[in-house]
$ cat upload.cif   # mmCIF, C-alpha atoms
data_upload
#
loop_
_atom_site.label_atom_id
_atom_site.label_comp_id
_atom_site.auth_asym_id
_atom_site.auth_seq_id
_atom_site.Cartn_x
_atom_site.Cartn_y
_atom_site.Cartn_z
CA MET A 1 -15.11 3.63 -18.64
CA ILE A 2 -16.48 6.71 -20.34
CA VAL A 3 -14.88 7.37 -23.69
CA VAL A 4 -13.17 10.34 -25.30
CA GLY A 5 -15.61 12.74 -26.91
CA THR A 6 -18.49 12.09 -24.52
CA GLN A 7 -19.82 14.58 -22.01
CA ALA A 8 -18.08 14.13 -18.64
CA PRO A 9 -20.56 13.26 -15.90
CA ASP A 10 -20.94 16.09 -13.43
CA PHE A 11 -20.65 15.31 -9.73
CA THR A 12 -20.78 16.93 -6.34
CA LEU A 13 -18.51 15.24 -3.81
CA MET A 14 -17.30 16.00 -0.32
CA ARG A 15 -13.79 17.44 0.02
CA GLU A 16 -13.90 17.81 3.76
CA PRO A 17 -16.72 17.09 6.15
CA ARG A 18 -19.51 19.51 5.19
CA GLU A 19 -17.52 21.04 2.27
CA PHE A 20 -18.75 19.98 -1.16
CA VAL A 21 -17.14 20.44 -4.57
CA ASN A 22 -19.10 20.40 -7.82
CA LEU A 23 -17.01 19.57 -10.90
CA THR A 24 -18.67 22.05 -13.26
CA GLU A 25 -18.54 24.92 -10.78
CA ALA A 26 -14.99 24.17 -9.62
CA ARG A 27 -13.48 24.03 -13.08
CA ASP A 28 -15.22 27.33 -13.91
CA GLY A 29 -15.14 26.86 -17.68
CA GLY A 30 -11.59 25.57 -17.69
CA ALA A 31 -10.08 22.14 -18.16
CA ALA A 32 -9.81 19.54 -15.44
CA VAL A 33 -7.69 16.53 -14.60
CA ILE A 34 -9.59 13.87 -12.68
CA LEU A 35 -7.62 11.10 -10.99
CA PHE A 36 -9.55 8.19 -9.54
CA PHE A 37 -7.39 6.23 -7.11
CA PRO A 38 -8.13 3.07 -5.10
CA PHE A 39 -7.01 3.76 -1.53
CA ALA A 40 -5.69 6.63 0.55
CA TYR A 41 -2.31 5.81 2.09
CA SER A 42 -1.50 2.91 -0.24
CA SER A 43 2.00 3.11 -1.71
CA THR A 44 1.14 3.71 -5.38
CA CYS A 45 -1.63 6.18 -4.52
CA THR A 46 0.79 8.08 -2.31
CA ASP A 47 3.39 8.16 -5.11
CA GLU A 48 0.78 9.29 -7.64
CA LEU A 49 -0.57 12.14 -5.53
CA CYS A 50 2.92 13.29 -4.56
CA ALA A 51 3.92 13.39 -8.25
CA MET A 52 0.83 15.43 -9.10
CA ALA A 53 1.43 17.76 -6.15
CA LYS A 54 5.04 18.28 -7.23
CA ASP A 55 3.94 19.37 -10.72
CA TYR A 56 0.71 21.07 -9.63
CA ALA A 57 1.81 24.53 -10.84
CA ARG A 58 2.36 23.11 -14.31
CA TYR A 59 -1.26 21.93 -14.51
CA GLY A 60 -2.42 25.35 -13.40
CA ASP A 61 -0.24 26.94 -16.09
CA LEU A 62 -2.06 24.73 -18.60
CA GLY A 63 -5.39 26.06 -17.33
CA ALA A 64 -6.50 22.91 -15.52
CA SER A 65 -7.98 22.20 -12.13
CA VAL A 66 -6.93 18.89 -10.56
CA PHE A 67 -9.15 16.55 -8.55
CA GLY A 68 -8.27 13.28 -6.86
CA ILE A 69 -11.17 10.95 -6.09
CA SER A 70 -11.42 7.78 -4.02
CA VAL A 71 -14.18 5.92 -2.21
CA ASP A 72 -12.43 6.64 1.09
CA SER A 73 -14.29 8.76 3.63
CA PRO A 74 -13.88 12.55 3.52
CA TRP A 75 -12.03 12.35 6.86
CA ALA A 76 -9.48 9.89 5.48
CA ASN A 77 -8.97 11.93 2.29
CA GLN A 78 -8.70 15.18 4.25
CA ARG A 79 -5.95 13.71 6.43
CA PHE A 80 -4.25 12.09 3.42
CA ALA A 81 -4.17 15.47 1.64
CA GLN A 82 -2.79 17.18 4.75
CA ASP A 83 -0.13 14.52 5.34
CA LEU A 84 1.06 14.73 1.72
CA ASP A 85 0.63 18.52 1.46
CA VAL A 86 -1.54 18.04 -1.63
CA PRO A 87 -2.58 21.47 -2.99
CA PHE A 88 -5.61 20.18 -4.93
CA ALA A 89 -8.93 18.72 -3.85
CA LEU A 90 -9.10 15.07 -2.76
CA LEU A 91 -12.75 14.17 -2.97
CA SER A 92 -14.69 11.41 -1.25
CA ASP A 93 -16.86 9.27 -3.49
CA PHE A 94 -17.98 7.27 -0.47
CA ASN A 95 -21.36 6.53 -2.07
CA LYS A 96 -19.57 5.45 -5.27
CA GLU A 97 -21.74 7.56 -7.56
CA ALA A 98 -18.96 9.33 -9.49
CA SER A 99 -16.95 6.11 -9.85
CA ALA A 100 -20.03 4.39 -11.25
CA ALA A 101 -20.85 7.32 -13.58
CA TYR A 102 -17.31 7.28 -15.00
CA GLY A 103 -17.37 3.47 -15.29
CA VAL A 104 -14.38 2.95 -13.00
CA LEU A 105 -15.94 1.11 -10.07
CA THR A 106 -14.25 -2.28 -9.62
CA ASP A 107 -13.30 -5.01 -7.19
CA MET A 108 -9.66 -5.45 -6.17
CA GLY A 109 -9.15 -8.81 -4.57
CA PRO A 110 -11.10 -8.85 -1.33
CA PHE A 111 -12.05 -5.17 -1.67
CA LYS A 112 -15.44 -4.68 -3.33
CA GLY A 113 -16.44 -1.40 -4.93
CA VAL A 114 -13.27 0.69 -5.18
CA SER A 115 -12.16 3.05 -7.93
CA ASP A 116 -9.83 1.78 -10.63
CA ARG A 117 -6.67 3.83 -11.03
CA THR A 118 -7.78 6.00 -13.94
CA ALA A 119 -7.17 9.49 -15.24
CA PHE A 120 -9.34 11.81 -17.32
CA VAL A 121 -8.69 15.16 -18.94
CA ILE A 122 -11.88 17.16 -19.26
CA ALA A 123 -11.92 19.87 -21.92
CA PRO A 124 -13.31 23.33 -21.18
CA ASP A 125 -16.53 22.38 -23.00
CA GLY A 126 -17.04 19.52 -20.53
CA THR A 127 -16.20 16.64 -22.85
CA VAL A 128 -13.67 13.92 -22.12
CA ALA A 129 -10.54 14.85 -24.09
CA TRP A 130 -8.31 11.99 -22.89
CA ASN A 131 -8.59 8.96 -20.64
CA TRP A 132 -6.36 6.23 -19.24
CA LYS A 133 -6.77 3.13 -17.11
CA ALA A 134 -3.93 1.41 -15.27
CA PRO A 135 -3.19 -2.11 -16.49
CA ASN A 136 -2.88 -3.01 -12.80
CA PRO A 137 -3.25 -0.99 -9.59
CA SER A 138 0.50 -0.55 -9.08
CA VAL A 139 1.00 1.49 -12.28
CA GLU A 140 0.97 5.28 -12.01
CA PRO A 141 -0.64 7.46 -14.70
CA PRO A 142 1.46 8.64 -17.66
CA TYR A 143 1.94 12.21 -16.46
CA ASP A 144 3.52 13.30 -19.75
CA GLU A 145 0.40 12.17 -21.61
CA ILE A 146 -1.82 14.13 -19.22
CA GLU A 147 0.23 17.25 -19.93
CA ALA A 148 0.17 16.60 -23.67
CA ALA A 149 -3.62 16.23 -23.60
CA LEU A 150 -3.93 19.55 -21.76
CA GLU A 151 -1.53 21.26 -24.17
CA SER A 152 -3.64 20.09 -27.12
CA LEU A 153 -6.80 21.77 -25.82
#
$ encode --input "upload.cif" --output "structure tokens"
Amino acid sequence: MIVVGTQAPDFTLMREPREFVNLTEARDGGAAVILFFPFAYSSTCTDELCAMAKDYARYGDLGASVFGISVDSPWANQRFAQDLDVPFALLSDFNKEASAAYGVLTDMGPFKGVSDRTAFVIAPDGTVAWNWKAPNPSVEPPYDEIEAALESL
């Protein structure tokens, strides 16, 4: 996993079929929260994204863009975002390039090559300001720590 103080790898991933999002361009000089999650529609991933959606305005108030990323297809993530009414981008890392660049690509039981449940706060200068990895896939991120990291920027 990339460490605090290093430059965050840039990526361009598909949000919806034929709609791409580039991290550097999308954050537009501001901070970002990046949430890698294992599987669309799994219970903990659903809870995590619903919690982030509920507090989405707070992250905006702190000057941060929010991105959820999984190795699911863009069609699955698009539907997942619609079903949960998620106001931020859910991005498809189907080719696993961003997960590999951030060092969060893993195997979960019989599933090979999925994203670990991890969270990153990217500072406006593009460096990693904070990171976290779940001790197991059923643990949600510490949302208060994400907010604290954003407040400290």
$ closest_residue --input "upload.cif" --among "A:Met14, A:Ala89, A:Leu150, A:Ala101" --to "Tyr59 (chain A)" --atoms "all atoms listed in the file"
A:Leu150
$ resolve_selection --input "upload.cif" --expression "the PyMOL selection byres ((chain A and resi 4) around 6)" --output "NGL selection string"
:A and (3 or 5-6 or 128-130)
$ write_last_selection --input "upload.cif" --atoms "C-alpha atoms" --output "PDB file, in the frame of the given file"
ATOM      1  CA  VAL A   3     -14.880   7.370 -23.690  1.00  0.00           C
ATOM      2  CA  GLY A   5     -15.610  12.740 -26.910  1.00  0.00           C
ATOM      3  CA  THR A   6     -18.490  12.090 -24.520  1.00  0.00           C
ATOM      4  CA  VAL A 128     -13.670  13.920 -22.120  1.00  0.00           C
ATOM      5  CA  ALA A 129     -10.540  14.850 -24.090  1.00  0.00           C
ATOM      6  CA  TRP A 130      -8.310  11.990 -22.890  1.00  0.00           C
TER       7      TRP A 130
END
$ closest_residue --input "upload.cif" --among "A:Leu84, A:Ala53, A:Leu153, A:Val71" --to "Asp116 (chain A)" --atoms "all atoms listed in the file"
A:Val71
$ resolve_selection --input "upload.cif" --expression "the PyMOL selection byres ((chain A and resi 30) around 8)" --output "PDB file with C-alpha atoms, keeping the file's coordinate frame"
ATOM      1  CA  ARG A  27     -13.480  24.030 -13.080  1.00  0.00           C
ATOM      2  CA  ASP A  28     -15.220  27.330 -13.910  1.00  0.00           C
ATOM      3  CA  GLY A  29     -15.140  26.860 -17.680  1.00  0.00           C
ATOM      4  CA  ALA A  31     -10.080  22.140 -18.160  1.00  0.00           C
ATOM      5  CA  ALA A  32      -9.810  19.540 -15.440  1.00  0.00           C
ATOM      6  CA  GLY A  63      -5.390  26.060 -17.330  1.00  0.00           C
ATOM      7  CA  ALA A  64      -6.500  22.910 -15.520  1.00  0.00           C
ATOM      8  CA  SER A  65      -7.980  22.200 -12.130  1.00  0.00           C
ATOM      9  CA  ALA A 123     -11.920  19.870 -21.920  1.00  0.00           C
ATOM     10  CA  PRO A 124     -13.310  23.330 -21.180  1.00  0.00           C
ATOM     11  CA  ASP A 125     -16.530  22.380 -23.000  1.00  0.00           C
TER      12      ASP A 125
END
$ residues_near_point --input "upload.cif" --point "(0.9, 12.1, -3.1)" --cutoff "9 Å" --atoms "only C-alpha atoms" --output "list of chain:residue names"
A:Tyr41, A:Thr44, A:Cys45, A:Thr46, A:Asp47, A:Glu48, A:Leu49, A:Cys50, A:Ala51, A:Met52, A:Ala53, A:Lys54, A:Phe80, A:Ala81, A:Asp83, A:Leu84, A:Asp85, A:Val86
$ write_last_selection --input "upload.cif" --atoms "C-alpha atoms" --output "mmCIF file, keeping the file's coordinate frame"
data_model
loop_
_atom_site.group_PDB
_atom_site.id
_atom_site.type_symbol
_atom_site.label_atom_id
_atom_site.label_comp_id
_atom_site.auth_asym_id
_atom_site.auth_seq_id
_atom_site.Cartn_x
_atom_site.Cartn_y
_atom_site.Cartn_z
ATOM 1 C CA TYR A 41 -2.310 5.810 2.090
ATOM 2 C CA THR A 44 1.140 3.710 -5.380
ATOM 3 C CA CYS A 45 -1.630 6.180 -4.520
ATOM 4 C CA THR A 46 0.790 8.080 -2.310
ATOM 5 C CA ASP A 47 3.390 8.160 -5.110
ATOM 6 C CA GLU A 48 0.780 9.290 -7.640
ATOM 7 C CA LEU A 49 -0.570 12.140 -5.530
ATOM 8 C CA CYS A 50 2.920 13.290 -4.560
ATOM 9 C CA ALA A 51 3.920 13.390 -8.250
ATOM 10 C CA MET A 52 0.830 15.430 -9.100
ATOM 11 C CA ALA A 53 1.430 17.760 -6.150
ATOM 12 C CA LYS A 54 5.040 18.280 -7.230
ATOM 13 C CA PHE A 80 -4.250 12.090 3.420
ATOM 14 C CA ALA A 81 -4.170 15.470 1.640
ATOM 15 C CA ASP A 83 -0.130 14.520 5.340
ATOM 16 C CA LEU A 84 1.060 14.730 1.720
ATOM 17 C CA ASP A 85 0.630 18.520 1.460
ATOM 18 C CA VAL A 86 -1.540 18.040 -1.630
#
$ closest_residue --input "upload.cif" --among "A:Arg15, A:Glu25, A:Ala134, A:Thr106" --to "Gly68 (chain A)" --atoms "only C-alpha atoms"
A:Arg15
$ atom_distance --input "upload.cif" --atom1 "CA of Asp93 (chain A)" --atom2 "CA of Phe111 (chain A)"
15.3 Å
$ resolve_selection --input "upload.cif" --expression "the PyMOL selection byres ((chain A and resi 11) around 12)" --output "PyMOL selection string"
chain A and resi 8-10+12-14+20-27+34+67+69+91-93+95-102
$ axis_aligned_box --input "upload.cif" --around "region 46-51 of chain A" --padding-each-side "6 Å" --output "lines of an AutoDock Vina configuration file"
center_x = 1.7
center_y = 10.7
center_z = -5.3
size_x = 16.5
size_y = 17.3
size_z = 17.9
$ atom_distance --input "upload.cif" --atom1 "CA of Thr118 (chain A)" --atom2 "CA of Lys133 (chain A)"
4.4 Å
$ residues_around --input "upload.cif" --residues "Phe37 (chain A)" --least-positions-apart "4" --cutoff "6 Å" --atoms "only C-alpha atoms" --output "NGL selection string"
:A and (70 or 115 or 117)
$ closest_residue --input "upload.cif" --among "A:Arg79, A:Ser73, A:Leu62, A:Met1" --to "Ala148 (chain A)" --atoms "only C-alpha atoms"
A:Leu62
$ atom_distance --input "upload.cif" --atom1 "CA of Pro142 (chain A)" --atom2 "CA of Ala119 (chain A)"
9.0 Å
$ closest_residue --input "upload.cif" --among "A:Asp107, A:Ile122, A:Ile146, A:Ser152" --to "Arg58 (chain A)" --atoms "all atoms listed in the file"
A:Ile146
$ residues_around --input "upload.cif" --residues "Val33 (chain A)" --least-positions-apart "2" --cutoff "6 Å" --atoms "only C-alpha atoms" --output "list in words"
Val66, Phe120 and Val121 of chain A
$ write_last_selection --input "upload.cif" --atoms "C-alpha atoms" --output "mmCIF file, in the coordinates of the input"
data_model
loop_
_atom_site.group_PDB
_atom_site.id
_atom_site.type_symbol
_atom_site.label_atom_id
_atom_site.label_comp_id
_atom_site.auth_asym_id
_atom_site.auth_seq_id
_atom_site.Cartn_x
_atom_site.Cartn_y
_atom_site.Cartn_z
ATOM 1 C CA VAL A 66 -6.930 18.890 -10.560
ATOM 2 C CA PHE A 120 -9.340 11.810 -17.320
ATOM 3 C CA VAL A 121 -8.690 15.160 -18.940
#
$ decode --input "upload.cif" --residues "region 70-109 of chain A" --atoms "N, CA and C atoms" --output "mmCIF file, in the first residue's frame"
data_model
loop_
_atom_site.group_PDB
_atom_site.id
_atom_site.type_symbol
_atom_site.label_atom_id
_atom_site.label_comp_id
_atom_site.auth_asym_id
_atom_site.auth_seq_id
_atom_site.Cartn_x
_atom_site.Cartn_y
_atom_site.Cartn_z
ATOM 1 N N SER A 70 -13.789 0.022 -7.437
ATOM 2 C CA SER A 70 -13.751 -1.435 -7.328
ATOM 3 C C SER A 70 -13.365 -2.014 -8.680
ATOM 4 N N VAL A 71 -13.061 -3.297 -8.684
ATOM 5 C CA VAL A 71 -12.711 -3.962 -9.944
ATOM 6 C C VAL A 71 -13.963 -4.449 -10.682
ATOM 7 N N ASP A 72 -15.130 -4.105 -10.166
ATOM 8 C CA ASP A 72 -16.369 -4.444 -10.858
ATOM 9 C C ASP A 72 -16.443 -3.689 -12.185
ATOM 10 N N SER A 73 -17.278 -4.166 -13.092
ATOM 11 C CA SER A 73 -17.440 -3.513 -14.386
ATOM 12 C C SER A 73 -18.084 -2.137 -14.206
ATOM 13 N N PRO A 74 -17.925 -1.247 -15.187
ATOM 14 C CA PRO A 74 -18.579 0.055 -15.081
ATOM 15 C C PRO A 74 -20.098 -0.062 -15.054
ATOM 16 N N TRP A 75 -20.652 -1.096 -15.694
ATOM 17 C CA TRP A 75 -22.102 -1.285 -15.680
ATOM 18 C C TRP A 75 -22.588 -1.658 -14.284
ATOM 19 N N ALA A 76 -21.858 -2.533 -13.618
ATOM 20 C CA ALA A 76 -22.228 -2.929 -12.250
ATOM 21 C C ALA A 76 -22.111 -1.734 -11.305
ATOM 22 N N ASN A 77 -21.009 -0.979 -11.405
ATOM 23 C CA ASN A 77 -20.839 0.170 -10.518
ATOM 24 C C ASN A 77 -21.858 1.263 -10.803
ATOM 25 N N GLN A 78 -22.195 1.464 -12.071
ATOM 26 C CA GLN A 78 -23.199 2.467 -12.420
ATOM 27 C C GLN A 78 -24.544 2.104 -11.774
ATOM 28 N N ARG A 79 -24.929 0.858 -11.885
ATOM 29 C CA ARG A 79 -26.206 0.418 -11.293
ATOM 30 C C ARG A 79 -26.154 0.480 -9.768
ATOM 31 N N PHE A 80 -25.022 0.073 -9.194
ATOM 32 C CA PHE A 80 -24.833 0.126 -7.747
ATOM 33 C C PHE A 80 -24.992 1.567 -7.255
ATOM 34 N N ALA A 81 -24.366 2.517 -7.936
ATOM 35 C CA ALA A 81 -24.470 3.927 -7.556
ATOM 36 C C ALA A 81 -25.914 4.421 -7.672
ATOM 37 N N GLN A 82 -26.599 4.012 -8.735
ATOM 38 C CA GLN A 82 -28.000 4.415 -8.912
ATOM 39 C C GLN A 82 -28.881 3.816 -7.815
ATOM 40 N N ASP A 83 -28.698 2.532 -7.551
ATOM 41 C CA ASP A 83 -29.530 1.861 -6.545
ATOM 42 C C ASP A 83 -29.345 2.454 -5.157
ATOM 43 N N LEU A 84 -28.120 2.891 -4.838
ATOM 44 C CA LEU A 84 -27.835 3.456 -3.517
ATOM 45 C C LEU A 84 -27.986 4.972 -3.475
ATOM 46 N N ASP A 85 -28.240 5.591 -4.631
ATOM 47 C CA ASP A 85 -28.314 7.049 -4.746
ATOM 48 C C ASP A 85 -27.021 7.695 -4.248
ATOM 49 N N VAL A 86 -25.893 7.156 -4.721
ATOM 50 C CA VAL A 86 -24.574 7.657 -4.347
ATOM 51 C C VAL A 86 -24.275 8.904 -5.174
ATOM 52 N N PRO A 87 -23.986 10.036 -4.523
ATOM 53 C CA PRO A 87 -23.773 11.288 -5.259
ATOM 54 C C PRO A 87 -22.348 11.484 -5.781
ATOM 55 N N PHE A 88 -21.460 10.553 -5.510
ATOM 56 C CA PHE A 88 -20.074 10.678 -5.964
ATOM 57 C C PHE A 88 -19.759 9.565 -6.952
ATOM 58 N N ALA A 89 -18.619 9.686 -7.613
ATOM 59 C CA ALA A 89 -18.247 8.755 -8.672
ATOM 60 C C ALA A 89 -17.843 7.393 -8.117
ATOM 61 N N LEU A 90 -18.457 6.340 -8.653
ATOM 62 C CA LEU A 90 -17.996 4.967 -8.428
ATOM 63 C C LEU A 90 -17.287 4.559 -9.710
ATOM 64 N N LEU A 91 -16.021 4.263 -9.595
ATOM 65 C CA LEU A 91 -15.177 4.033 -10.758
ATOM 66 C C LEU A 91 -14.817 2.564 -10.905
ATOM 67 N N SER A 92 -14.757 2.127 -12.143
ATOM 68 C CA SER A 92 -14.408 0.747 -12.458
ATOM 69 C C SER A 92 -12.910 0.631 -12.724
ATOM 70 N N ASP A 93 -12.262 -0.172 -11.903
ATOM 71 C CA ASP A 93 -10.852 -0.508 -12.106
ATOM 72 C C ASP A 93 -10.778 -1.934 -12.641
ATOM 73 N N PHE A 94 -11.577 -2.193 -13.656
ATOM 74 C CA PHE A 94 -11.727 -3.539 -14.211
ATOM 75 C C PHE A 94 -10.378 -4.140 -14.628
ATOM 76 N N ASN A 95 -9.482 -3.300 -15.131
ATOM 77 C CA ASN A 95 -8.159 -3.789 -15.536
ATOM 78 C C ASN A 95 -7.158 -3.813 -14.388
ATOM 79 N N LYS A 96 -7.595 -3.398 -13.215
ATOM 80 C CA LYS A 96 -6.849 -3.510 -11.953
ATOM 81 C C LYS A 96 -5.585 -2.659 -11.901
ATOM 82 N N GLU A 97 -5.509 -1.645 -12.732
ATOM 83 C CA GLU A 97 -4.314 -0.808 -12.776
ATOM 84 C C GLU A 97 -4.208 0.130 -11.581
ATOM 85 N N ALA A 98 -5.302 0.775 -11.182
ATOM 86 C CA ALA A 98 -5.261 1.682 -10.033
ATOM 87 C C ALA A 98 -5.044 0.890 -8.742
ATOM 88 N N SER A 99 -5.732 -0.231 -8.607
ATOM 89 C CA SER A 99 -5.553 -1.064 -7.408
ATOM 90 C C SER A 99 -4.102 -1.509 -7.271
ATOM 91 N N ALA A 100 -3.494 -1.889 -8.375
ATOM 92 C CA ALA A 100 -2.081 -2.287 -8.358
ATOM 93 C C ALA A 100 -1.191 -1.099 -8.022
ATOM 94 N N ALA A 101 -1.454 0.071 -8.622
ATOM 95 C CA ALA A 101 -0.628 1.256 -8.383
ATOM 96 C C ALA A 101 -0.685 1.702 -6.922
ATOM 97 N N TYR A 102 -1.835 1.540 -6.283
ATOM 98 C CA TYR A 102 -1.985 1.921 -4.880
ATOM 99 C C TYR A 102 -1.577 0.788 -3.931
ATOM 100 N N GLY A 103 -1.247 -0.370 -4.492
ATOM 101 C CA GLY A 103 -0.802 -1.501 -3.678
ATOM 102 C C GLY A 103 -1.909 -2.150 -2.883
ATOM 103 N N VAL A 104 -3.136 -2.155 -3.430
ATOM 104 C CA VAL A 104 -4.276 -2.694 -2.699
ATOM 105 C C VAL A 104 -4.943 -3.877 -3.399
ATOM 106 N N LEU A 105 -4.295 -4.415 -4.404
ATOM 107 C CA LEU A 105 -4.832 -5.573 -5.108
ATOM 108 C C LEU A 105 -4.552 -6.816 -4.278
ATOM 109 N N THR A 106 -5.573 -7.641 -4.056
ATOM 110 C CA THR A 106 -5.434 -8.795 -3.175
ATOM 111 C C THR A 106 -6.324 -9.933 -3.647
ATOM 112 N N ASP A 107 -6.209 -11.051 -2.982
ATOM 113 C CA ASP A 107 -7.101 -12.189 -3.178
ATOM 114 C C ASP A 107 -7.950 -12.335 -1.922
ATOM 115 N N MET A 108 -9.225 -12.581 -2.099
ATOM 116 C CA MET A 108 -10.140 -12.803 -0.975
ATOM 117 C C MET A 108 -10.784 -14.153 -1.160
ATOM 118 N N GLY A 109 -10.248 -15.138 -0.469
ATOM 119 C CA GLY A 109 -10.775 -16.489 -0.614
ATOM 120 C C GLY A 109 -10.662 -16.931 -2.061
#
